[in-house]
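Peer 1: This is data-v3.txt, which holds compact mmCIF, C-alpha atoms:
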```txt
# COMPACT_ATOMS: atom_id res chain seq x y z
CA MET A 1385 48.80 20.11 -55.04
CA ALA A 1386 51.08 17.23 -54.07
CA ALA A 1387 49.47 14.29 -52.28
CA PRO A 1388 50.28 14.08 -48.55
CA ARG A 1389 53.09 11.74 -47.62
CA ARG A 1390 52.77 8.97 -45.06
CA ALA A 1391 55.27 8.41 -42.28
CA TRP A 1392 55.41 6.33 -39.09
CA LEU A 1393 56.30 7.84 -35.73
CA LEU A 1394 57.39 5.91 -32.66
CA PHE A 1395 56.95 6.89 -29.01
CA GLY A 1396 58.29 4.95 -26.06
CA PHE A 1397 60.60 2.03 -25.37
CA SER A 1398 63.25 1.42 -28.01
CA PRO A 1399 65.02 -1.72 -29.26
CA GLU A 1400 68.25 -0.12 -28.02
CA GLU A 1401 66.88 0.02 -24.48
CA ALA A 1402 65.77 -3.61 -24.78
CA ALA A 1403 69.38 -4.48 -25.67
CA GLY A 1404 70.68 -2.64 -22.58
CA GLU A 1405 71.86 0.44 -24.47
CA PRO A 1406 70.91 4.07 -23.79
CA GLY A 1407 67.55 5.00 -25.24
CA PRO A 1408 66.97 7.91 -27.64
CA GLY A 1409 64.55 9.69 -25.29
CA PRO A 1410 60.79 10.07 -25.19
CA GLY A 1411 60.49 10.86 -28.92
CA PRO A 1412 58.83 11.13 -31.28
CA ARG A 1413 61.14 9.20 -33.55
CA ARG A 1414 60.58 8.55 -37.23
CA LEU A 1415 60.86 5.04 -38.57
CA GLU A 1416 63.21 4.78 -41.53
CA PRO A 1417 60.77 4.09 -44.35
CA GLY A 1418 62.63 1.57 -46.49
CA PRO A 1419 61.71 0.84 -50.13
CA GLY A 1420 58.26 2.17 -50.94
CA GLY A 1421 57.57 3.38 -47.42
CA ILE A 1422 56.11 1.51 -44.46
CA ARG A 1423 52.60 0.13 -44.81
CA ARG A 1424 52.06 -1.83 -41.58
CA VAL A 1425 53.89 -2.55 -38.31
CA TRP A 1426 53.75 -5.43 -35.82
CA PRO A 1427 55.67 -4.53 -32.64
CA ALA A 1428 56.99 -6.84 -29.93
CA TRP A 1429 58.85 -5.73 -26.80
CA SER A 1430 62.40 -5.79 -28.22
CA TYR A 1431 61.83 -5.71 -31.99
CA VAL A 1432 59.32 -4.81 -34.67
CA VAL A 1433 58.29 -6.30 -38.01
CA VAL A 1434 57.40 -3.78 -40.70
CA GLU A 1435 55.89 -4.16 -44.14
CA THR A 1436 57.58 -2.01 -46.79
CA GLY A 1437 57.05 -1.89 -50.53
CA ALA A 1438 59.66 -4.64 -50.79
CA GLY A 1439 57.99 -6.98 -48.28
CA LEU A 1440 58.39 -7.75 -44.60
CA GLU A 1441 61.45 -6.74 -42.60
CA VAL A 1442 62.37 -7.42 -38.97
CA ARG A 1443 64.14 -4.63 -37.09
CA SER A 1444 65.90 -4.74 -33.75
CA ALA A 1445 68.81 -2.89 -32.14
CA GLY A 1446 71.41 -2.49 -34.89
CA LEU A 1447 69.74 -5.16 -37.03
CA ARG A 1448 67.49 -5.23 -40.10
CA ARG A 1449 66.64 -8.40 -41.99
CA ARG A 1450 64.20 -8.99 -44.82
CA LEU A 1451 61.60 -11.74 -44.55
CA PRO A 1452 60.94 -12.62 -48.20
CA GLY A 1453 57.86 -14.60 -49.11
CA TRP A 1454 55.79 -13.65 -46.06
CA ALA A 1455 52.79 -11.32 -45.90
CA GLU A 1456 51.95 -10.85 -42.18
CA ALA A 1457 53.59 -11.21 -38.78
CA LEU A 1458 52.61 -11.98 -35.20
CA PRO A 1459 55.65 -11.37 -32.96
CA SER A 1460 56.42 -12.12 -29.33
CA GLU A 1461 59.55 -12.38 -27.21
CA SER A 1462 59.61 -16.16 -27.56
CA HIS A 1463 58.55 -16.73 -31.17
CA LEU A 1464 57.71 -15.00 -34.44
CA VAL A 1465 54.72 -16.28 -36.42
CA LEU A 1466 54.69 -15.48 -40.13
CA ARG A 1467 51.92 -16.05 -42.65
CA GLY A 1468 52.41 -16.50 -46.36
CA PRO A 1469 50.09 -17.51 -49.18
CA ALA A 1470 50.32 -21.24 -48.46
CA ALA A 1471 51.30 -21.65 -44.81
CA ALA A 1472 51.70 -20.06 -41.40
CA ARG A 1473 54.87 -20.91 -39.47
CA ALA A 1474 56.54 -20.03 -36.17
CA TRP A 1475 60.25 -19.69 -35.43
CA ARG A 1476 62.02 -18.97 -32.20
CA ARG A 1477 62.71 -15.29 -31.79
CA ALA A 1478 66.51 -15.64 -31.87
CA ALA A 1479 66.42 -17.69 -35.07
CA ALA A 1480 64.06 -15.23 -36.74
CA LEU A 1481 66.27 -12.24 -35.85
CA ARG A 1482 69.38 -14.07 -37.14
CA GLY A 1483 67.62 -14.99 -40.35
CA ALA A 1484 68.08 -18.69 -39.56
CA ARG A 1485 64.70 -19.84 -40.88
CA ARG A 1486 65.86 -22.62 -43.20
CA GLY A 1487 65.62 -25.31 -40.57
CA ALA A 1488 62.46 -26.85 -39.22
CA PRO A 1489 60.10 -24.25 -37.74
CA ALA A 1490 58.70 -24.62 -34.25
CA TRP A 1491 55.23 -24.91 -35.79
CA SER A 1492 53.70 -24.98 -39.27
CA ARG A 1493 50.16 -25.05 -40.58
CA ALA A 1494 49.18 -25.34 -44.23
CA LEU A 1495 46.59 -22.85 -45.44
CA PRO A 1496 43.93 -23.66 -48.02
CA PRO A 1497 43.93 -21.61 -51.22
CA GLY A 1498 41.18 -19.04 -51.41
CA PRO A 1499 40.07 -16.35 -53.84
CA ARG A 1500 39.35 -13.80 -51.13
CA ARG A 1501 41.89 -11.82 -49.16
CA PRO A 1502 42.09 -13.52 -45.75
CA PRO A 1503 41.27 -11.62 -42.55
CA PRO A 1504 44.30 -10.26 -40.71
CA LEU A 1505 46.38 -12.23 -38.25
CA PRO A 1506 45.89 -13.61 -35.68
CA LEU A 1507 42.89 -15.07 -37.60
CA LEU A 1508 43.53 -18.20 -39.65
CA PRO A 1509 41.08 -20.54 -41.39
CA GLY A 1510 39.24 -22.44 -38.67
CA GLY A 1511 40.76 -20.55 -35.74
CA PHE A 1512 43.55 -18.20 -34.79
CA ALA A 1513 47.31 -18.13 -34.28
CA THR A 1514 49.12 -17.29 -31.05
CA PRO A 1515 52.77 -16.19 -30.89
CA ARG A 1516 53.54 -18.79 -28.22
CA PRO A 1517 52.87 -22.54 -27.99
CA PRO A 1518 50.55 -24.16 -28.95
CA PHE A 1519 50.45 -21.53 -31.77
CA PHE A 1520 46.92 -22.38 -32.94
CA ALA A 1521 43.49 -22.55 -31.33
CA PRO A 1522 40.20 -23.39 -33.06
CA LEU A 1523 37.15 -21.17 -33.04
CA PRO A 1524 33.70 -22.68 -32.49
CA ALA A 1525 31.68 -23.00 -35.68
CA GLY A 1526 29.12 -20.50 -34.40
CA VAL A 1527 31.69 -17.70 -34.02
CA ARG A 1528 32.24 -16.02 -37.38
CA ALA A 1529 35.09 -13.56 -36.84
CA ARG A 1530 36.29 -10.64 -38.90
CA GLY A 1531 38.77 -9.45 -36.30
CA LEU A 1532 40.60 -10.86 -33.27
CA ALA A 1533 42.82 -9.33 -30.59
CA LEU A 1534 45.11 -11.12 -28.13
CA GLY A 1535 45.80 -9.94 -24.58
CA HIS A 1536 48.25 -11.51 -22.18
CA GLU A 1537 45.61 -13.87 -20.85
CA HIS A 1538 42.46 -13.18 -22.86
CA VAL A 1539 41.04 -13.06 -26.38
CA LEU A 1540 38.54 -10.70 -28.03
CA VAL A 1541 36.68 -11.41 -31.26
CA LEU A 1542 34.84 -8.99 -33.49
CA GLY A 1543 32.01 -10.91 -35.12
CA GLU A 1544 30.75 -10.46 -38.65
CA ALA A 1545 27.69 -8.57 -37.39
CA GLY A 1546 29.73 -6.33 -35.10
CA GLU A 1547 29.17 -8.37 -31.96
CA THR A 1548 31.96 -8.82 -29.39
CA TYR A 1549 33.08 -12.10 -27.81
CA ALA A 1550 35.60 -12.49 -24.98
CA TRP A 1551 37.18 -15.44 -23.20
CA GLY A 1552 40.31 -16.52 -21.36
CA GLY A 1553 41.61 -15.15 -18.07
CA GLY A 1554 39.25 -12.74 -16.37
CA ARG A 1555 40.85 -11.88 -13.02
CA HIS A 1556 41.15 -8.19 -13.94
CA GLY A 1557 37.69 -7.86 -15.48
CA GLN A 1558 39.18 -7.81 -18.97
CA LEU A 1559 36.43 -10.04 -20.41
CA GLY A 1560 33.65 -7.52 -19.79
CA HIS A 1561 31.18 -10.08 -18.45
CA GLY A 1562 30.75 -8.36 -15.09
CA SER A 1563 32.80 -10.82 -13.05
CA LEU A 1564 36.43 -11.76 -12.46
CA GLU A 1565 35.91 -15.35 -13.55
CA SER A 1566 37.72 -16.95 -16.46
CA GLU A 1567 35.84 -18.25 -19.49
CA PRO A 1568 37.08 -21.32 -21.39
CA GLN A 1569 35.07 -20.61 -24.56
CA PRO A 1570 33.99 -17.53 -26.51
CA ARG A 1571 31.14 -15.76 -24.73
CA LEU A 1572 29.16 -12.84 -26.07
CA VAL A 1573 29.79 -9.58 -24.21
CA GLU A 1574 26.15 -9.00 -23.39
CA ALA A 1575 26.65 -5.41 -22.23
CA LEU A 1576 27.54 -4.52 -25.83
CA ALA A 1577 24.74 -6.53 -27.46
CA GLY A 1578 22.86 -4.40 -29.95
CA VAL A 1579 25.78 -1.98 -30.35
CA PRO A 1580 27.63 -2.96 -33.55
CA MET A 1581 31.38 -2.58 -33.22
CA GLN A 1582 33.92 -1.77 -35.90
CA ALA A 1583 37.08 -2.64 -33.95
CA VAL A 1584 38.30 -4.39 -30.80
CA ALA A 1585 41.65 -4.13 -29.01
CA ALA A 1586 43.23 -6.12 -26.19
CA GLY A 1587 45.94 -4.81 -23.88
CA GLY A 1588 47.83 -6.74 -21.26
CA TRP A 1589 44.81 -6.99 -18.95
CA HIS A 1590 42.36 -4.48 -20.40
CA SER A 1591 40.13 -4.23 -23.43
CA ALA A 1592 38.57 -1.62 -25.70
CA SER A 1593 36.17 -1.47 -28.60
CA VAL A 1594 34.93 1.18 -31.03
CA SER A 1595 31.33 1.23 -32.22
CA GLU A 1596 30.28 1.94 -35.77
CA ALA A 1597 29.07 5.30 -34.47
CA GLY A 1598 32.57 6.17 -33.19
CA ASP A 1599 31.94 5.58 -29.48
CA LEU A 1600 34.73 4.11 -27.36
CA TYR A 1601 34.14 1.43 -24.71
CA VAL A 1602 36.78 0.29 -22.19
CA TRP A 1603 36.93 -2.38 -19.51
CA GLY A 1604 39.36 -4.43 -17.42
CA TRP A 1605 42.32 -3.38 -15.28
CA ASN A 1606 42.86 0.32 -14.55
CA GLU A 1607 45.89 0.24 -12.23
CA SER A 1608 47.86 2.64 -14.46
CA GLY A 1609 44.90 4.64 -15.73
CA GLN A 1610 44.76 2.61 -18.97
CA LEU A 1611 40.95 2.88 -19.01
CA ALA A 1612 41.04 6.67 -18.54
CA LEU A 1613 39.08 6.19 -15.31
CA PRO A 1614 40.21 7.53 -11.90
CA SER A 1615 43.26 5.55 -10.73
CA LYS A 1616 44.21 5.52 -7.06
CA ALA A 1617 47.85 4.70 -7.83
CA LEU A 1618 48.18 7.73 -10.12
CA ALA A 1619 46.40 10.01 -7.64
CA GLU A 1620 48.86 8.94 -4.94
CA GLU A 1621 51.77 9.61 -7.31
CA ARG A 1622 50.45 13.10 -8.02
CA ALA A 1623 50.01 13.76 -4.30
CA GLN A 1624 53.64 12.75 -3.70
CA ASP A 1625 54.78 15.02 -6.55
CA GLU A 1626 52.91 17.92 -5.01
CA ASP A 1627 54.48 17.22 -1.62
CA THR A 1628 57.95 17.30 -3.15
CA GLY A 1629 57.21 20.32 -5.31
CA ALA A 1630 57.49 18.42 -8.58
CA GLY A 1631 53.90 19.03 -9.57
CA GLU A 1632 52.32 18.24 -12.91
CA PRO A 1633 51.61 20.84 -15.61
CA GLU A 1634 48.10 21.75 -16.75
CA LEU A 1635 46.18 19.73 -14.18
CA THR A 1636 42.53 19.25 -15.01
CA PRO A 1637 39.97 19.60 -12.18
CA ARG A 1638 39.92 15.85 -11.60
CA GLN A 1639 43.73 15.65 -11.51
CA ALA A 1640 43.92 18.57 -9.09
CA GLN A 1641 42.04 16.84 -6.29
CA PRO A 1642 43.95 17.41 -3.06
CA ALA A 1643 43.92 13.89 -1.67
CA ALA A 1644 43.73 10.42 -3.13
CA GLU A 1645 40.88 9.35 -0.89
CA ASP A 1646 38.59 12.13 -2.16
CA ALA A 1647 38.01 10.46 -5.56
CA ALA A 1648 35.89 7.48 -6.56
CA PHE A 1649 38.71 5.29 -7.81
CA ILE A 1650 38.28 2.39 -10.18
CA SER A 1651 40.85 -0.39 -10.10
CA ILE A 1652 38.83 -2.92 -12.11
CA GLN A 1653 35.99 -2.18 -14.52
CA ALA A 1654 34.29 -5.53 -15.12
CA PHE A 1655 31.61 -4.19 -17.49
CA PRO A 1656 32.29 -2.10 -20.62
CA ALA A 1657 32.19 1.62 -19.82
CA LEU A 1658 31.40 4.27 -22.43
CA LEU A 1659 34.29 6.73 -22.39
CA ASP A 1660 33.68 10.34 -23.34
CA LEU A 1661 36.57 12.02 -25.11
CA PRO A 1662 37.06 15.79 -24.97
CA GLN A 1663 34.64 17.74 -27.20
CA ASP A 1664 32.68 14.47 -27.73
CA LEU A 1665 35.16 13.41 -30.39
CA GLU A 1666 34.37 10.28 -32.39
CA VAL A 1667 36.94 7.49 -32.58
CA SER A 1668 38.05 5.65 -35.71
CA LYS A 1669 40.98 3.51 -34.42
CA VAL A 1670 42.02 2.06 -31.06
CA SER A 1671 45.03 0.08 -29.88
CA CYS A 1672 46.17 -1.12 -26.46
CA GLY A 1673 49.64 -1.65 -25.07
CA SER A 1674 50.47 -3.61 -21.98
CA ARG A 1675 49.12 -0.82 -19.74
CA HIS A 1676 48.32 2.09 -22.04
CA THR A 1677 45.73 2.96 -24.69
CA ALA A 1678 45.78 5.09 -27.83
CA VAL A 1679 43.01 6.21 -30.17
CA VAL A 1680 42.78 8.08 -33.44
CA THR A 1681 39.73 10.29 -33.88
CA ARG A 1682 37.81 10.69 -37.09
CA GLY A 1683 39.41 14.12 -37.37
CA GLY A 1684 42.92 12.62 -37.36
CA GLU A 1685 43.87 13.52 -33.79
CA LEU A 1686 45.79 11.18 -31.48
CA TYR A 1687 44.84 10.74 -27.81
CA THR A 1688 46.70 8.51 -25.34
CA TRP A 1689 46.50 7.59 -21.66
CA GLY A 1690 47.70 5.01 -19.14
CA TRP A 1691 51.23 4.01 -18.17
CA GLY A 1692 53.84 6.41 -19.52
CA LYS A 1693 57.18 5.45 -17.94
CA TYR A 1694 58.99 5.18 -21.29
CA GLY A 1695 57.32 8.12 -23.02
CA GLN A 1696 54.91 5.85 -24.89
CA LEU A 1697 52.07 8.34 -24.46
CA GLY A 1698 53.84 10.82 -26.73
CA HIS A 1699 53.62 13.89 -24.49
CA GLY A 1700 57.35 14.51 -24.20
CA ASP A 1701 57.58 13.18 -20.66
CA ASN A 1702 57.41 9.95 -18.69
CA ALA A 1703 54.21 10.73 -16.78
CA SER A 1704 51.27 8.37 -16.63
CA SER A 1705 47.73 9.65 -17.07
CA ASP A 1706 44.23 8.47 -16.20
CA GLN A 1707 42.66 10.95 -18.59
CA PRO A 1708 42.76 11.12 -22.40
CA ARG A 1709 45.48 13.55 -23.46
CA HIS A 1710 45.85 15.06 -26.91
CA VAL A 1711 49.31 14.42 -28.43
CA GLU A 1712 50.18 18.04 -29.14
CA CYS A 1713 53.54 17.52 -30.85
CA MET A 1714 51.74 16.21 -33.94
CA VAL A 1715 49.59 19.32 -34.14
CA ALA A 1716 52.67 21.53 -34.02
CA GLU A 1717 54.04 19.75 -37.11
CA GLY A 1718 50.73 19.71 -38.97
CA LEU A 1719 50.49 15.90 -38.85
CA ARG A 1720 47.23 14.01 -39.18
CA ALA A 1721 47.01 10.55 -37.59
CA GLU A 1722 45.69 7.72 -39.75
CA GLU A 1723 46.52 4.58 -37.78
CA VAL A 1724 47.88 3.63 -34.36
CA VAL A 1725 49.48 0.37 -33.22
CA CYS A 1726 50.65 -0.13 -29.65
CA GLY A 1727 53.44 -2.46 -28.66
CA PRO A 1728 53.80 -3.51 -25.03
CA TRP A 1729 55.64 -0.30 -24.08
CA THR A 1730 55.50 1.62 -27.37
CA THR A 1731 53.09 3.51 -29.64
CA TYR A 1732 53.48 3.54 -33.42
CA VAL A 1733 51.48 6.14 -35.34
CA CYS A 1734 50.96 6.40 -39.10
CA VAL A 1735 50.63 10.08 -40.00
CA LEU A 1736 49.91 12.15 -43.08
CA GLU A 1737 52.44 14.92 -43.58
CA PRO A 1738 51.42 18.24 -45.15
```
Output the file's structure as structure tokens, nothing else.

Peer 2:
Amino acid sequence: MAAPRRAWLLFGFSPEEAAGEPGPGPGPRRLEPGPGGIRRVWPAWSYVVVETGAGLEVRSAGLRRRLPGWAEALPSESHLVLRGPAAARAWRRAAALRGARRGAPAWSRALPPGPRRPPPLPLLPGGFATPRPPFFAPLPAGVRARGLALGHEHVLVLGEAGETYAWGGGRHGQLGHGSLESEPQPRLVEALAGVPMQAVAAGGWHSASVSEAGDLYVWGWNESGQLALPSKALAEERAQDEDTGAGEPELTPRQAQPAAEDAAFISIQAFPALLDLPQDLEVSKVSCGSRHTAVVTRGGELYTWGWGKYGQLGHGDNASSDQPRHVECMVAEGLRAEEVVCGPWTTYVCVLEP
């Protein structure tokens, strides 16, 4: 029997739409694999960096350029940070897309040689990179990180023992410390103490983590249902749709509530909340976009929720959701999800094809 093939699917906002051109629709769309297929992706709002068998490549509307000599990327709309074996450097976005990287970079940091494979970006020896100035921040000596996620205003760290640290802006509860205060330094998320985590993810103003047992925890802002908790804004949208006759297909009992004020809405969840997926499914991967969330279960299923204006939830429409929804189009094609990576308004999924 032939080994299953890997492919990457894309849902949501496209580079063409970022360039002011008509978009291809809600998807899914297949990424052109390139030499040796696609191994990893690092999406920004208007472009994406992919790793193929031939190395890194930046892709935008009508543009593809190789990035020889580099191993990892950390993109944003202002700069692109690249890491190679000896240095990490940042270039302005426009220069990186043009391939004009022979001049002086906006930032550069030499990296010490090491026998071990380094942890993934944004982590760097002694601290972590950011895709905007000042490009580097140190980590306190007591914080030994094996993973790090960047939100718009906050930072999450996965410690070597599975502990979770959070700091930065906290006005939407995204730090998980039970308040809306900011934290200048890494602080242990005490509500998760004693629960070893295997992964953390940071959205625009929300956070998520997956325990070693496969449980999913969420906290922070829930304005668009990105925590899969009852959202007043989405309930009001559904009520308006019902008034105009638009409706929403396959409403669950919670979605079918007749009036927005009848539900216990959650705008901000300042402590981590354990989220139950349908059929008590266990989670293996999680990623957060600006205002949406996606998980891969241990059985290879993809669930998404939150803001869906550009089809980034993968359900063939532009509806938002405050409940986990199974991405059915993958089931119809016999696809098994392996990895998920959210951009601000996009969802990239690595699948195994039959």

Peer 1: Can you tell me which residues surround range 1405-1415 of chain A at a distance of at most 6 Å, considering all atoms listed in the file, apart from same-chain residues fewer than 4 positions away, and format the answer as an MDAnalysis selection string?

Peer 2: chainID A and resid 1392:1396 1400:1401 1695 1700

Peer 1: What's the 8 Å shell around Ser1563 in chain A, counting all atoms listed in the file, without same-chain residues fewer than 6 positions away, as JSON, numbers by chain?

Peer 2: {"A": [1554, 1557, 1654]}

Peer 1: For each of A:Ala1391, A:Ala1402, A:Gly1546, A:Pro1427, take the minimum atom-to-atom distance to Met1714 in chain A, counting only C-alpha atoms, then give the residue where this is smallest.

Peer 2: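 The answer is A:Ala1391, which sits nearest to Met1714 in chain A.
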
Peer 1: Rounded to one decimal, what separation in Å do you get between CA of Glu1441 in chain A and CA of Arg1467 in chain A?

Peer 2: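 Computing it gives 13.3 Å between the two atoms.
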
Peer 1: Taking only C-alpha atoms into account, which of A:Pro1568, A:Pro1708, A:Pro1506, A:Pro1580 comes nearest Leu1458 in chain A?

Peer 2: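 When distances to Leu1458 in chain A are compared using only C-alpha atoms, the smallest one comes from A:Pro1506.
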
Peer 1: May I have the residues within 10 Å of Glu1685 in chain A as a list in words, using only C-alpha atoms and disregarding those fewer than 2 positions away in the same chain?

Peer 2: Leu1665, Val1667, Ser1668, Val1679, Val1680, Thr1681, Arg1682, Gly1683, Tyr1687, His1710, Val1711, Glu1712, Met1714, Val1715, Leu1719, Arg1720, Ala1721, Glu1722 and Val1735 of chain A

Peer 1: Show me the residues close to (65.7, -5.6, -43.6) - anything with an atom within 12 Å, counting only C-alpha atoms - and format the list as a PyMOL selection string.

Peer 2: chain A and resi 1416-1419+1422+1432-1444+1446-1452+1480-1483

Peer 1: If I only have part of range 1706-1718 of chain A, can you fill in N, CA, C and O atoms and write it as a tab-separated table (two decimals), keeping the file's coordinate frame?

Peer 2:
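Okay, rebuild-v4.tsv is ready:
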```tsv
chain	number	residue	atom	x	y	z
A	1706	ASP	N	45.51	9.16	-16.20
A	1706	ASP	CA	44.23	8.47	-16.20
A	1706	ASP	C	43.15	9.31	-16.87
A	1706	ASP	O	41.97	9.16	-16.60
A	1707	GLN	N	43.58	10.19	-17.75
A	1707	GLN	CA	42.66	10.95	-18.59
A	1707	GLN	C	43.19	10.99	-20.01
A	1707	GLN	O	44.41	11.00	-20.23
A	1708	PRO	N	42.29	10.99	-21.02
A	1708	PRO	CA	42.76	11.12	-22.40
A	1708	PRO	C	43.50	12.45	-22.60
A	1708	PRO	O	43.01	13.50	-22.20
A	1709	ARG	N	44.68	12.35	-23.19
A	1709	ARG	CA	45.48	13.55	-23.46
A	1709	ARG	C	45.78	13.64	-24.94
A	1709	ARG	O	46.21	12.66	-25.57
A	1710	HIS	N	45.58	14.81	-25.50
A	1710	HIS	CA	45.85	15.06	-26.91
A	1710	HIS	C	47.36	15.12	-27.13
A	1710	HIS	O	48.08	15.81	-26.38
A	1711	VAL	N	47.87	14.40	-28.13
A	1711	VAL	CA	49.31	14.42	-28.43
A	1711	VAL	C	49.59	15.68	-29.25
A	1711	VAL	O	49.40	15.72	-30.47
A	1712	GLU	N	50.06	16.70	-28.56
A	1712	GLU	CA	50.18	18.04	-29.14
A	1712	GLU	C	51.33	18.17	-30.13
A	1712	GLU	O	51.28	19.01	-31.03
A	1713	CYS	N	52.37	17.35	-29.97
A	1713	CYS	CA	53.54	17.52	-30.85
A	1713	CYS	C	53.17	17.27	-32.30
A	1713	CYS	O	53.81	17.82	-33.22
A	1714	MET	N	52.16	16.45	-32.57
A	1714	MET	CA	51.74	16.21	-33.94
A	1714	MET	C	51.04	17.42	-34.53
A	1714	MET	O	51.19	17.73	-35.71
A	1715	VAL	N	50.29	18.12	-33.68
A	1715	VAL	CA	49.59	19.32	-34.14
A	1715	VAL	C	50.59	20.39	-34.54
A	1715	VAL	O	50.43	21.07	-35.56
A	1716	ALA	N	51.65	20.51	-33.74
A	1716	ALA	CA	52.67	21.53	-34.02
A	1716	ALA	C	53.33	21.31	-35.38
A	1716	ALA	O	53.75	22.27	-36.04
A	1717	GLU	N	53.42	20.05	-35.82
A	1717	GLU	CA	54.04	19.75	-37.11
A	1717	GLU	C	53.02	19.60	-38.23
A	1717	GLU	O	53.38	19.27	-39.36
A	1718	GLY	N	51.75	19.82	-37.94
A	1718	GLY	CA	50.73	19.71	-38.97
A	1718	GLY	C	50.46	18.29	-39.41
A	1718	GLY	O	50.06	18.04	-40.56
```
